[in-house]
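Below: the structure, in structure tokens.
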Amino acid sequence: MNDGSRGAWLPRLSAAFKFGLIATCLSLAGGVRAEQAFSFDTTPGKLPKTAVPTHYAIELAPDLQALTAAGSEVIDIEVREVTWHLQLNAANLAISEAAIDDGAQRAEIALDAQAETATLTFPTALAKGPHRLRLVFAAKINAFGRGIFFADYPTGAGSKRMISTQLEPADARRIFPCWDEPVFKATFALTVTVPQNFLAVSNMPVAQEEPLADGKKRVVFPPTPKMSSYLFVLSAGELERITADANGVTVGIVATSGNAEKGRFALENAVRLLDYYNDYFGSKYPLPKLDLIAVPGGFGGAMENWGGITFFESRLLFDPATSSDSARRRIFSVLAHEMAHQWFGDLVTTAWWDNLWLNEGFASWMQEKAAEHFYPQWETWLNGYSQKQTALALDARRTSHPIQQPVADHSVAMTAFDPITYNKGQAFIRMLENYLGENAFRDGIRTYMAAHAYGNATTADLWQALEHATGKPVAPIAASFTEQEGVPLVIAETTCDGDAQRLSLKQERFTIIPSQANATLPSLHWQVPVTIGAVSATEPQKILLDGSAEVPAGKCGEAVKVNFGDIGYYRVDYGSNLRAALTRQLARMTPEDRVNFLGDDWAMVQAGRAAPSSYFVLVDALGASDHRAVWDQVVSNFGALDRLARERAEQPALETYARARLRPVFDRLGWDGSGAGDDDDTLLRSSLIWTLGDLRDPDILGEARRRFAFFLKDPKSLAPSLLDPVSHVVGVSAGREDYDALLSLARKSTATNERVRYYHAAASARDAALAGDTLALTLTHELPSTIVNGLINEVALSGWQRELAWDFIRSNLDALTARQGPDFPHEFVPNFMTNFSDEAHADALRQFAPAQQTLGGRVMTARALESIAIAADLKARALPAIDAWIKAHPVRP
Ligand SMILES: [Zn+2]
């Protein structure tokens, strides 16, 4: 924004490759508004701020058979202006009594199901100052993972039932009436009545347990520190706990009986992470304990409830006998993410959901940073390259949104939990840290934590802290990436002037718009921190690109890589000179730069800026021993193209070509390796078997089936790292007998990871009768509701029975919605429809009224329609060109 800022950013020149800098000076991105620092009164939200809660004393008595929870609560409130009314949130609750100040007044209760509020009206106005509100209510225990829910799970001693909670963004109101917006922070003290053989876990350690007469007990928890309602947690069941000490904080693994020991890997890493984060954030984890709770079949992922993080069981537990060793990578990553939230999200909380990215972008970035610290051999940024690619792809569309976006209601808040919020946020923070410097950035974070602990903050508060700590202006750069949607495109080309070379850079907006839409998106402007370097450079030069720039760039013909190291959030379109020079140097690039170059190239194809053949030329130039991340990129593109080519006469030729490219990579690795999770070959082998099976490689199908047959006789004969891909390949090619064998493996296991594996493998069957059987299964109580959506999608995706699955969804919508929760029609269905790429199905989605009933559903529908249109466009435009290229470059079948 001013020359001082640019000065601070100016080149640290590498000895190997020196540039001068002439950047044009343009003003800050037009239309970007500066967000304000946190203020309680101006924080958006639905509830009036006339009264605020300060403390909740909650009593709950869940009945696991009747699936209800009787409750009462006493809420200390502070009335800020004289009022007759109190409005708070309640959803699906029956409130039988509301009284204030020890029964001095009783309120009339008006529930609004649509707004999810309870309005209490008192005969006499409440004076300003403290009051005490008492409520008696009853909640429902849900089958789906919102509010308080039950999870049934198989054990050696029959089926068991436990309960747990999932409240973000706004489902605490399904358990007890409360001010259910993140800005209303208060302390929570829970007392719960459960069967005597249950372990009950909440945010705080148990203070006291008292047996009751009827085989039950009352468990009392002390008050939490001040926190937002969505961070409340209660899990209870026949659970066990193992613990470790982390400098006075008790870290626990909580799992169903007999399973806690499988949490040993997570426990040991949690202890190390707590220490690392205490130091990084500069403020000590403030609770006396941190439990990591494995919910069998429970809900989708993991949730950062303060002091009691809940995990889908297979995201936390690790059994070397049944899990690939590499599963530890994902467990670590989820753990590091949720633990980072204990500070970023829990201690300092986003004021409103428009700033959700602050919680999620930061935690997503921190999980990778922590992995690089503890497990550098995993090369987490390089191997996780696709997270940014996903965000870049979505952010190039018309239906993208700024990572900081207005959130009108909770159905819209749900749509904000998407790859743009998480992955663009993650990528932007990484770019910003790189720009500010690692230590200066950390100092800014420490300042921010100290200033806002136990409170709320906005993005502006973070920028202020970082500017204060680094002395560099952050807001002008940050605003263009956080307050507007879209992807910067840097157009780079070299020209020769005698022996010398010059590099010109200019920026545009990168968009992917289906050609049939015949439209353009408004132009946008960014201050882009660009890095450039010769392919052989060890350190890049940095330029803050504010418009366009031209710089000297070594000798004529030298290959200059832009977005050096794949750290920046932008696309690069290389002119023909530079592109040719880089292609010649492909093998000499770092894997990071090669992944970035391939990713940008494919994006140019999708945007219609490059011919599809340009990508295939690059793939042909890759060596069979290239890095996993590079081949992973190719594998996933081939998989996507194969799905797009389904039902086309040319599909077999495409599959033959893709197999011929991938087989040398697989043949180098072979079927048997160390299986060690630190070894990237283990993961690459697994993904190649999986994809070559999808591509109907006869050798892979045959060998996978042979190994599976042995495995059925001798379960130890198959290495844990091969269990997933071999089961998948057998599933894809399954006849009735294989299908029954997969189902029987799923039914006989009590471990979530195994059940998920075998049910998914069965759902991959391409035979229509078997796919029909899988769909019918999703309506039974054999399956936990958490895996039902995934199975229906698997039938469409791997099983190729998308029409059958779509018919099934429409015919059973009510039953599925009752089972899967109210989000099913407007969240799952639009996503499911992106399995299609034709106008008829786009129209079917447009006509699907249940998806249109909420604001969030209309957002999801618009996104899905655009996905379908983009896929249709790619199919029409790129597939014929790819067919022609393959024909002209025959491979050995
Ligand atoms: Zn998160």
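Each chain in the structure tokens gets a letter, A, B and so on, in the order shown; residues start at 1 in every chain, and ligands are counted from 1 in the order they appear.
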
(request) Could you pull out the residues sitting within 10 Å of ligand 1, using only C-alpha atoms and all ligand atoms, and write them as an MDAnalysis selection string? (result) chainID A and resid 301:304 334 336:341 344:345 356:364 367 417 422

(request) Give me the residues within 10 Å of Val348 in chain A as a ChimeraX atom specification, counting only C-alpha atoms and dropping any in the same chain fewer than 4 places off. (result) /A:227-228,341-344,358-359,448-458

(message) According to DSSP computed on the backbone, where in range 594-715 of chain A is there alpha helix (DSSP H)? Give the residues as a ChimeraX atom specification.
(response) /A:594-606,612-620,628-644,651-669,680-694,698-713

(request) Between CA of Val595 in chain A and CA of Ile532 in chain A, measure the distance and give it in Å to one decimal. (result) 15.7 Å

(message) Which residues are near Met833 in chain A? Cut-off 8 Å, only C-alpha atoms, ignore same chain within fewer than 3 positions. Put them as a PyMOL selection string.
(response) chain A and resi 829-830+836+841-842+845+864+868

(request) Using only C-alpha atoms, find the one residue out of A:Thr520, A:Asn793, A:Thr682, A:Ser837 that sits nearest to Ala396 in chain A. (result)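 Nearest to Ala396 in chain A: A:Thr520.
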
(request) Write out as JSON, numbers by chain which residues come within 8 Å of Ile445 in chain A when counting only C-alpha atoms, dropping same-chain ones fewer than 6 positions away. (result) {"A": [281, 462, 465, 466]}

File dump, residues just selected, N, CA and C atoms, as an mmCIF file, in the first residue's frame:
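Contents of result.cif, as written:
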data_model
loop_
_atom_site.group_PDB
_atom_site.id
_atom_site.type_symbol
_atom_site.label_atom_id
_atom_site.label_comp_id
_atom_site.auth_asym_id
_atom_site.auth_seq_id
_atom_site.Cartn_x
_atom_site.Cartn_y
_atom_site.Cartn_z
ATOM 1 N N PHE A 281 2.278 -20.828 21.158
ATOM 2 C CA PHE A 281 1.250 -19.812 21.402
ATOM 3 C C PHE A 281 1.624 -18.872 22.550
ATOM 4 N N LEU A 462 -6.220 -9.984 14.340
ATOM 5 C CA LEU A 462 -5.026 -10.784 14.035
ATOM 6 C C LEU A 462 -4.036 -9.954 13.217
ATOM 7 N N ALA A 465 -2.208 -7.519 15.425
ATOM 8 C CA ALA A 465 -1.167 -8.142 16.246
ATOM 9 C C ALA A 465 0.060 -8.461 15.401
ATOM 10 N N LEU A 466 -0.183 -8.937 14.189
ATOM 11 C CA LEU A 466 0.955 -9.284 13.325
ATOM 12 C C LEU A 466 1.704 -8.030 12.867
#

(request) List every residue of range 218-260 of chain A that DSSP, applied to the backbone of this structure, places in strand (DSSP E), and write the result as a PyMOL selection string. (result) chain A and resi 218-220+234-237+239-246+249-256

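Closest approach to Pro286 in chain A from the set A:Phe312, A:Ile567, A:Asn203, A:Gln208 is made by A:Asn203, with distances taken over only C-alpha atoms.
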